[in-house]
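Report on one structure; see the data block that follows.
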Amino acid sequence: MGVPKSKVFTIKHYVDSSYYYQIKTSEPTLKPTVIVMGAMKRNFRLLADIVNNVEGVRFIICKGKLPLDGYFKRSDDIQLFGFVSEDELRNLMCKSDISLNIMDDTVGSNVITTSMAMGLAIIVSDVGSIRDYCDNSNAIFCKNDINSFKTAIEVLMQKKTLQSMKVASLLKSKQLSFEQFNDVVKKMMDC
């Protein structure tokens, strides 16, 4: 569009690690808990197919103001939450083990960065800039189909794999702190 490459910078979405941080130390229970957050560029039909066809995990679905109540079968293992405060959201993340992100696209994601800072393993659509944030140490990248996501959830039902990915998320989130973000912006301004 006529802007020289030397004037274009890419910076990652930061996370407020003074607020979002792993505050639990317990190992996952027999049934890992999967949390779903965010509304932008999400595929809720596919999410419903996955949630309604996967057993052995608990689901926390933060639907905000979206009318998704009829999408999911009734089950003790599926909890739907409307709009929640930031504190409530953090508490729900603290009760979770896995962040499930079924997306059509992404260009940086607050959900991904906060999930990492809260020490959650990531299951995510392999779209957009997601690999700028996650790698195979903390995330399972999926095609946008039910079998890919079901397989990913089954992999993370293995406690050792789940725990390893949770720790990797927490470590990777340290590279996304606001301080790191601020340093990058300062360096850009010096150019």
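Letters for chains follow the order of the structure tokens (A, B, ...), residue numbers begin at 1 for each chain, and ligand numbers begin at 1 in the order shown.
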Filtered DSSP result for region 39-175 of chain A, state helix (DSSP H, G or I), as a PyMOL selection string
chain A and resi 44-53+69-71+86-94+110-117+130-132+146-155+159-175
Which neighbours of region 119-126 of chain A fall inside 6 Å, counting only C-alpha atoms, when residues of the same chain fewer than 3 positions from it are skipped, and could you give them as a PDB file with C-alpha atoms, in the first residue's frame?
```pdb
ATOM      1  CA  GLN A  22      -1.100 -19.243  37.473  1.00  0.00           C
ATOM      2  CA  ASP A  97      -6.829 -27.139  32.449  1.00  0.00           C
ATOM      3  CA  ILE A  98      -7.295 -26.561  28.717  1.00  0.00           C
ATOM      4  CA  SER A  99      -8.205 -23.518  26.625  1.00  0.00           C
ATOM      5  CA  LEU A 100     -10.205 -24.597  23.540  1.00  0.00           C
ATOM      6  CA  ASN A 101     -10.153 -22.101  20.661  1.00  0.00           C
ATOM      7  CA  ILE A 102     -12.087 -22.948  17.512  1.00  0.00           C
ATOM      8  CA  MET A 103     -11.401 -19.979  15.284  1.00  0.00           C
ATOM      9  CA  SER A 115      -4.785 -18.670  28.785  1.00  0.00           C
ATOM     10  CA  MET A 116      -1.032 -19.140  28.547  1.00  0.00           C
ATOM     11  CA  ASN A 138       2.072 -25.792  24.712  1.00  0.00           C
ATOM     12  CA  ALA A 139      -0.520 -26.208  21.968  1.00  0.00           C
ATOM     13  CA  ILE A 140      -2.176 -28.727  19.720  1.00  0.00           C
ATOM     14  CA  PHE A 141      -2.992 -27.197  16.339  1.00  0.00           C
ATOM     15  CA  CYS A 142      -6.138 -28.482  14.670  1.00  0.00           C
ATOM     16  CA  LYS A 143      -7.850 -28.434  11.318  1.00  0.00           C
ATOM     17  CA  MET A 165       1.808 -28.395  28.072  1.00  0.00           C
ATOM     18  CA  LYS A 166       0.404 -26.361  30.958  1.00  0.00           C
ATOM     19  CA  SER A 169       2.222 -22.259  28.346  1.00  0.00           C
ATOM     20  CA  LEU A 170       3.147 -20.569  31.582  1.00  0.00           C
TER      21      LEU A 170
END
```
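Rounded to one decimal, CA of Asp49 (chain A) and CA of Ile146 (chain A) lie 6.8 Å from each other.
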DSSP-assigned strand (DSSP E or B) members of chain A, reported as number ranges by chain:
A: 15, 33-36, 42, 58-62, 78-81, 98-101, 103, 121-125, 139-142, 177
Could you write out the selected residues, including N, CA and C atoms, as an mmCIF file, in the first residue's frame?
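File written: out_8.cif
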```cif
data_model
loop_
_atom_site.group_PDB
_atom_site.id
_atom_site.type_symbol
_atom_site.label_atom_id
_atom_site.label_comp_id
_atom_site.auth_asym_id
_atom_site.auth_seq_id
_atom_site.Cartn_x
_atom_site.Cartn_y
_atom_site.Cartn_z
ATOM 1 N N VAL A 15 0.273 -9.751 27.578
ATOM 2 C CA VAL A 15 -0.606 -10.206 28.646
ATOM 3 C C VAL A 15 -0.227 -9.466 29.928
ATOM 4 N N THR A 33 -10.778 -30.039 32.797
ATOM 5 C CA THR A 33 -11.759 -29.003 32.484
ATOM 6 C C THR A 33 -11.268 -28.175 31.309
ATOM 7 N N VAL A 34 -12.141 -28.043 30.323
ATOM 8 C CA VAL A 34 -11.865 -27.293 29.105
ATOM 9 C C VAL A 34 -12.667 -26.005 29.160
ATOM 10 N N ILE A 35 -12.000 -24.868 28.995
ATOM 11 C CA ILE A 35 -12.699 -23.590 28.970
ATOM 12 C C ILE A 35 -12.697 -23.034 27.549
ATOM 13 N N VAL A 36 -13.829 -22.441 27.172
ATOM 14 C CA VAL A 36 -13.987 -21.809 25.869
ATOM 15 C C VAL A 36 -14.349 -20.353 26.120
ATOM 16 N N ARG A 42 -14.966 -16.848 15.859
ATOM 17 C CA ARG A 42 -15.112 -18.184 16.418
ATOM 18 C C ARG A 42 -16.132 -18.982 15.598
ATOM 19 N N ARG A 58 -14.858 -31.908 31.364
ATOM 20 C CA ARG A 58 -15.862 -30.900 31.726
ATOM 21 C C ARG A 58 -15.656 -29.700 30.805
ATOM 22 N N PHE A 59 -16.723 -29.025 30.433
ATOM 23 C CA PHE A 59 -16.637 -27.833 29.594
ATOM 24 C C PHE A 59 -17.203 -26.629 30.330
ATOM 25 N N ILE A 60 -16.447 -25.557 30.321
ATOM 26 C CA ILE A 60 -16.916 -24.245 30.765
ATOM 27 C C ILE A 60 -16.966 -23.391 29.501
ATOM 28 N N ILE A 61 -18.151 -22.937 29.133
ATOM 29 C CA ILE A 61 -18.306 -22.153 27.906
ATOM 30 C C ILE A 61 -18.756 -20.752 28.277
ATOM 31 N N CYS A 62 -17.875 -19.794 28.020
ATOM 32 C CA CYS A 62 -18.182 -18.391 28.278
ATOM 33 C C CYS A 62 -18.758 -17.824 26.988
ATOM 34 N N ILE A 78 -21.272 -29.745 31.214
ATOM 35 C CA ILE A 78 -21.261 -28.555 30.358
ATOM 36 C C ILE A 78 -21.883 -27.410 31.146
ATOM 37 N N GLN A 79 -21.088 -26.368 31.386
ATOM 38 C CA GLN A 79 -21.592 -25.180 32.068
ATOM 39 C C GLN A 79 -21.496 -24.001 31.116
ATOM 40 N N LEU A 80 -22.588 -23.255 30.977
ATOM 41 C CA LEU A 80 -22.610 -22.053 30.146
ATOM 42 C C LEU A 80 -22.644 -20.833 31.057
ATOM 43 N N PHE A 81 -21.838 -19.842 30.719
ATOM 44 C CA PHE A 81 -21.811 -18.591 31.470
ATOM 45 C C PHE A 81 -22.052 -17.447 30.505
ATOM 46 N N ILE A 98 -7.486 -26.684 30.159
ATOM 47 C CA ILE A 98 -7.295 -26.561 28.717
ATOM 48 C C ILE A 98 -8.105 -25.381 28.200
ATOM 49 N N SER A 99 -7.499 -24.596 27.316
ATOM 50 C CA SER A 99 -8.205 -23.518 26.625
ATOM 51 C C SER A 99 -8.489 -23.994 25.200
ATOM 52 N N LEU A 100 -9.782 -24.118 24.859
ATOM 53 C CA LEU A 100 -10.205 -24.597 23.540
ATOM 54 C C LEU A 100 -10.598 -23.402 22.690
ATOM 55 N N ASN A 101 -9.962 -23.275 21.514
ATOM 56 C CA ASN A 101 -10.153 -22.101 20.661
ATOM 57 C C ASN A 101 -10.417 -22.541 19.220
ATOM 58 N N MET A 103 -11.383 -21.296 15.909
ATOM 59 C CA MET A 103 -11.401 -19.979 15.284
ATOM 60 C C MET A 103 -11.354 -20.080 13.765
ATOM 61 N N ALA A 121 -3.114 -25.543 28.931
ATOM 62 C CA ALA A 121 -2.731 -26.131 27.651
ATOM 63 C C ALA A 121 -3.679 -25.552 26.599
ATOM 64 N N ILE A 122 -3.211 -25.407 25.387
ATOM 65 C CA ILE A 122 -3.995 -24.760 24.338
ATOM 66 C C ILE A 122 -4.360 -25.787 23.262
ATOM 67 N N ILE A 123 -5.626 -25.813 22.889
ATOM 68 C CA ILE A 123 -6.076 -26.525 21.690
ATOM 69 C C ILE A 123 -6.653 -25.448 20.793
ATOM 70 N N VAL A 124 -6.149 -25.365 19.558
ATOM 71 C CA VAL A 124 -6.487 -24.200 18.750
ATOM 72 C C VAL A 124 -6.540 -24.530 17.261
ATOM 73 N N SER A 125 -7.408 -23.827 16.544
ATOM 74 C CA SER A 125 -7.433 -23.910 15.089
ATOM 75 C C SER A 125 -6.117 -23.376 14.554
ATOM 76 N N ALA A 139 0.730 -26.234 22.721
ATOM 77 C CA ALA A 139 -0.520 -26.208 21.968
ATOM 78 C C ALA A 139 -0.634 -27.394 21.026
ATOM 79 N N ILE A 140 -1.872 -27.771 20.780
ATOM 80 C CA ILE A 140 -2.176 -28.727 19.720
ATOM 81 C C ILE A 140 -2.945 -27.952 18.663
ATOM 82 N N PHE A 141 -2.404 -27.932 17.450
ATOM 83 C CA PHE A 141 -2.992 -27.197 16.339
ATOM 84 C C PHE A 141 -3.923 -28.121 15.569
ATOM 85 N N CYS A 142 -5.118 -27.637 15.283
ATOM 86 C CA CYS A 142 -6.138 -28.482 14.670
ATOM 87 C C CYS A 142 -6.652 -27.906 13.354
ATOM 88 N N SER A 177 4.924 -10.479 28.362
ATOM 89 C CA SER A 177 4.586 -9.538 29.435
ATOM 90 C C SER A 177 4.468 -8.122 28.880
#
```
Which polymer residues have any atom within 9 Å of an atom of region 52-54 of chain A, counting only C-alpha atoms, with same-chain residues fewer than 5 positions away left out, as a list in words?
Leu47, Tyr71, Phe72, Lys73, Ile146, Lys150, Ile153 and Glu154 of chain A
Pull N, CA, C and O atoms from the residues just selected and write them as a PDB file, in the first residue's frame.
```
ATOM      1  N   LEU A  47     -17.948 -25.843  17.479  1.00  0.00           N
ATOM      2  CA  LEU A  47     -17.806 -25.982  18.932  1.00  0.00           C
ATOM      3  C   LEU A  47     -18.924 -26.862  19.491  1.00  0.00           C
ATOM      4  O   LEU A  47     -18.664 -27.773  20.276  1.00  0.00           O
ATOM      5  N   TYR A  71     -27.492 -24.639  21.604  1.00  0.00           N
ATOM      6  CA  TYR A  71     -26.448 -25.344  20.853  1.00  0.00           C
ATOM      7  C   TYR A  71     -25.965 -26.604  21.559  1.00  0.00           C
ATOM      8  O   TYR A  71     -25.460 -27.513  20.922  1.00  0.00           O
ATOM      9  N   PHE A  72     -26.052 -26.645  22.866  1.00  0.00           N
ATOM     10  CA  PHE A  72     -25.399 -27.700  23.644  1.00  0.00           C
ATOM     11  C   PHE A  72     -26.416 -28.579  24.351  1.00  0.00           C
ATOM     12  O   PHE A  72     -27.406 -28.088  24.898  1.00  0.00           O
ATOM     13  N   LYS A  73     -26.142 -29.881  24.374  1.00  0.00           N
ATOM     14  CA  LYS A  73     -27.027 -30.799  25.088  1.00  0.00           C
ATOM     15  C   LYS A  73     -26.912 -30.522  26.589  1.00  0.00           C
ATOM     16  O   LYS A  73     -25.912 -29.976  27.057  1.00  0.00           O
ATOM     17  N   ILE A 146     -14.276 -31.732  13.356  1.00  0.00           N
ATOM     18  CA  ILE A 146     -14.565 -32.352  14.648  1.00  0.00           C
ATOM     19  C   ILE A 146     -13.516 -33.388  15.049  1.00  0.00           C
ATOM     20  O   ILE A 146     -13.100 -33.436  16.210  1.00  0.00           O
ATOM     21  N   LYS A 150     -11.426 -33.518  18.543  1.00  0.00           N
ATOM     22  CA  LYS A 150     -11.669 -34.652  19.439  1.00  0.00           C
ATOM     23  C   LYS A 150     -10.355 -35.366  19.753  1.00  0.00           C
ATOM     24  O   LYS A 150     -10.089 -35.707  20.906  1.00  0.00           O
ATOM     25  N   ILE A 153      -8.272 -33.325  22.244  1.00  0.00           N
ATOM     26  CA  ILE A 153      -8.780 -33.445  23.611  1.00  0.00           C
ATOM     27  C   ILE A 153      -8.384 -34.796  24.205  1.00  0.00           C
ATOM     28  O   ILE A 153      -7.958 -34.874  25.362  1.00  0.00           O
ATOM     29  N   GLU A 154      -8.490 -35.838  23.408  1.00  0.00           N
ATOM     30  CA  GLU A 154      -8.100 -37.170  23.885  1.00  0.00           C
ATOM     31  C   GLU A 154      -6.618 -37.226  24.249  1.00  0.00           C
ATOM     32  O   GLU A 154      -6.238 -37.835  25.245  1.00  0.00           O
TER      33      GLU A 154
END
```
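As for CA of Val127 (chain A) and CA of Asp104 (chain A), they are spaced 6.8 Å apart.
The coordinates place CA of Ala39 (chain A) at 9.4 Å from CA of Lys65 (chain A).
Taking only C-alpha atoms into account, Phe149 (chain A) lies nearest to A:Ile50 out of the set A:Thr161, A:Ser96, A:Ile50, A:Leu68.
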So that I can see what lies close to Asp132 (chain A), please list as a list in words the residues with an atom at most 12 Å from it, counting only C-alpha atoms and leaving out residues fewer than 3 positions away in the same chain.
Thr10, Ile11, Lys12, His13, Thr106, Val107, Gly108, Ser109, Ile112, Thr113, Asp126, Val127, Gly128, Ser129, Asp135, Asn136, Ala139, Lys172, Ser173, Gln175 and Leu176 of chain A
Please save all heavy atoms of the selected residues as a short mmCIF file (atom, residue, chain, number, x, y, z; two decimals), in the first residue's frame.
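Dumped to again22.cif:
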```
data_model
loop_
_atom_site.label_atom_id
_atom_site.label_comp_id
_atom_site.auth_asym_id
_atom_site.auth_seq_id
_atom_site.Cartn_x
_atom_site.Cartn_y
_atom_site.Cartn_z
N THR A 10 5.68 -5.61 13.47
CA THR A 10 4.71 -6.56 14.01
C THR A 10 5.05 -6.77 15.48
O THR A 10 6.19 -7.06 15.82
CB THR A 10 4.81 -7.92 13.27
OG1 THR A 10 4.56 -7.69 11.89
CG2 THR A 10 3.79 -8.90 13.81
N ILE A 11 4.05 -6.59 16.32
CA ILE A 11 4.25 -6.81 17.75
C ILE A 11 3.17 -7.79 18.21
O ILE A 11 2.07 -7.78 17.72
CB ILE A 11 4.12 -5.54 18.60
CG1 ILE A 11 3.96 -4.29 17.80
CG2 ILE A 11 5.22 -5.40 19.56
CD1 ILE A 11 3.81 -3.05 18.65
N LYS A 12 3.55 -8.62 19.16
CA LYS A 12 2.61 -9.61 19.69
C LYS A 12 1.70 -8.97 20.74
O LYS A 12 2.08 -8.01 21.41
CB LYS A 12 3.38 -10.78 20.31
CG LYS A 12 4.17 -11.55 19.29
CD LYS A 12 4.93 -12.67 19.95
CE LYS A 12 5.77 -13.41 18.93
NZ LYS A 12 6.59 -14.42 19.53
N HIS A 13 0.52 -9.54 20.86
CA HIS A 13 -0.41 -9.12 21.90
C HIS A 13 0.21 -9.45 23.25
O HIS A 13 0.71 -10.54 23.46
CB HIS A 13 -1.73 -9.88 21.73
CG HIS A 13 -2.87 -9.30 22.48
ND1 HIS A 13 -2.91 -9.27 23.85
CD2 HIS A 13 -4.00 -8.70 22.06
CE1 HIS A 13 -4.02 -8.69 24.25
NE2 HIS A 13 -4.71 -8.34 23.17
N THR A 106 -7.29 -15.43 13.31
CA THR A 106 -6.78 -14.67 14.45
C THR A 106 -5.62 -13.80 14.00
O THR A 106 -4.86 -14.18 13.12
CB THR A 106 -6.34 -15.57 15.63
OG1 THR A 106 -6.00 -14.73 16.73
CG2 THR A 106 -5.17 -16.44 15.27
N VAL A 107 -5.51 -12.64 14.61
CA VAL A 107 -4.37 -11.75 14.36
C VAL A 107 -3.78 -11.30 15.68
O VAL A 107 -3.30 -10.18 15.82
CB VAL A 107 -4.77 -10.52 13.50
CG1 VAL A 107 -5.06 -10.93 12.09
CG2 VAL A 107 -5.95 -9.78 14.11
N GLY A 108 -3.79 -12.17 16.64
CA GLY A 108 -3.36 -11.82 18.00
C GLY A 108 -4.57 -12.01 18.88
O GLY A 108 -5.68 -11.65 18.49
N SER A 109 -4.39 -12.58 20.03
CA SER A 109 -5.56 -12.94 20.82
C SER A 109 -5.33 -12.79 22.30
O SER A 109 -4.43 -13.41 22.86
CB SER A 109 -5.94 -14.39 20.51
OG SER A 109 -7.00 -14.80 21.32
N ILE A 112 -5.78 -16.17 23.98
CA ILE A 112 -4.62 -17.06 23.93
C ILE A 112 -3.57 -16.62 24.96
O ILE A 112 -3.06 -17.43 25.73
CB ILE A 112 -4.01 -17.10 22.51
CG1 ILE A 112 -5.01 -17.67 21.51
CG2 ILE A 112 -2.70 -17.88 22.50
CD1 ILE A 112 -5.42 -19.10 21.73
N THR A 113 -3.25 -15.34 24.99
CA THR A 113 -2.19 -14.88 25.89
C THR A 113 -2.59 -15.03 27.36
O THR A 113 -1.77 -15.45 28.18
CB THR A 113 -1.78 -13.43 25.60
OG1 THR A 113 -2.91 -12.57 25.74
CG2 THR A 113 -1.19 -13.30 24.20
N ASP A 126 -5.57 -24.04 13.57
CA ASP A 126 -4.29 -23.62 12.98
C ASP A 126 -4.56 -22.56 11.92
O ASP A 126 -4.54 -22.82 10.72
CB ASP A 126 -3.58 -24.84 12.38
CG ASP A 126 -2.12 -24.57 12.09
OD1 ASP A 126 -1.65 -23.45 12.36
OD2 ASP A 126 -1.45 -25.49 11.59
N VAL A 127 -4.85 -21.34 12.39
CA VAL A 127 -5.23 -20.24 11.50
C VAL A 127 -4.48 -18.97 11.87
O VAL A 127 -3.97 -18.83 12.99
CB VAL A 127 -6.76 -19.96 11.55
CG1 VAL A 127 -7.55 -21.14 11.03
CG2 VAL A 127 -7.19 -19.60 12.97
N GLY A 128 -4.44 -18.05 10.92
CA GLY A 128 -3.91 -16.71 11.17
C GLY A 128 -2.52 -16.72 11.77
O GLY A 128 -1.65 -17.49 11.37
N SER A 129 -2.33 -15.88 12.76
CA SER A 129 -1.01 -15.68 13.38
C SER A 129 -0.82 -16.52 14.64
O SER A 129 0.07 -16.23 15.44
CB SER A 129 -0.82 -14.20 13.71
OG SER A 129 -1.78 -13.80 14.68
N ASP A 135 3.40 -22.90 20.21
CA ASP A 135 4.13 -23.90 19.44
C ASP A 135 3.74 -25.28 19.97
O ASP A 135 2.85 -25.38 20.82
CB ASP A 135 5.65 -23.66 19.47
CG ASP A 135 6.25 -23.76 20.86
OD1 ASP A 135 5.72 -24.50 21.73
OD2 ASP A 135 7.28 -23.10 21.11
N ASN A 136 4.38 -26.30 19.47
CA ASN A 136 3.99 -27.67 19.84
C ASN A 136 4.26 -28.00 21.31
O ASN A 136 3.76 -29.01 21.81
CB ASN A 136 4.71 -28.69 18.95
CG ASN A 136 4.21 -28.60 17.52
OD1 ASN A 136 3.05 -28.31 17.28
ND2 ASN A 136 5.09 -28.86 16.57
N ALA A 139 0.73 -26.23 22.72
CA ALA A 139 -0.52 -26.21 21.97
C ALA A 139 -0.63 -27.39 21.03
O ALA A 139 0.37 -27.92 20.54
CB ALA A 139 -0.62 -24.91 21.17
N LYS A 172 6.05 -19.81 28.30
CA LYS A 172 5.97 -19.01 27.08
C LYS A 172 5.31 -17.66 27.33
O LYS A 172 5.64 -16.67 26.70
CB LYS A 172 5.23 -19.76 25.98
CG LYS A 172 6.02 -20.90 25.38
CD LYS A 172 5.30 -21.56 24.24
CE LYS A 172 5.33 -20.75 22.98
NZ LYS A 172 6.63 -20.38 22.45
N SER A 173 4.38 -17.61 28.26
CA SER A 173 3.67 -16.36 28.53
C SER A 173 4.60 -15.29 29.10
O SER A 173 4.34 -14.10 28.96
CB SER A 173 2.50 -16.59 29.49
OG SER A 173 2.94 -16.78 30.83
N GLN A 175 7.29 -14.38 27.93
CA GLN A 175 7.80 -13.61 26.80
C GLN A 175 6.78 -12.60 26.28
O GLN A 175 7.08 -11.81 25.39
CB GLN A 175 8.19 -14.55 25.65
CG GLN A 175 9.23 -15.57 26.02
CD GLN A 175 9.31 -16.70 25.01
OE1 GLN A 175 8.71 -16.65 23.94
NE2 GLN A 175 10.06 -17.72 25.35
N LEU A 176 5.56 -12.62 26.82
CA LEU A 176 4.49 -11.76 26.36
C LEU A 176 4.07 -10.74 27.40
O LEU A 176 2.98 -10.18 27.33
CB LEU A 176 3.28 -12.62 25.96
CG LEU A 176 3.53 -13.66 24.88
CD1 LEU A 176 2.33 -14.59 24.74
CD2 LEU A 176 3.86 -13.00 23.56
#
```
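If only C-alpha atoms are the atoms counted, then among A:Leu30, A:Ala48, A:Cys134, A:Met1 the closest residue to Lys159 (chain A) is A:Leu30.
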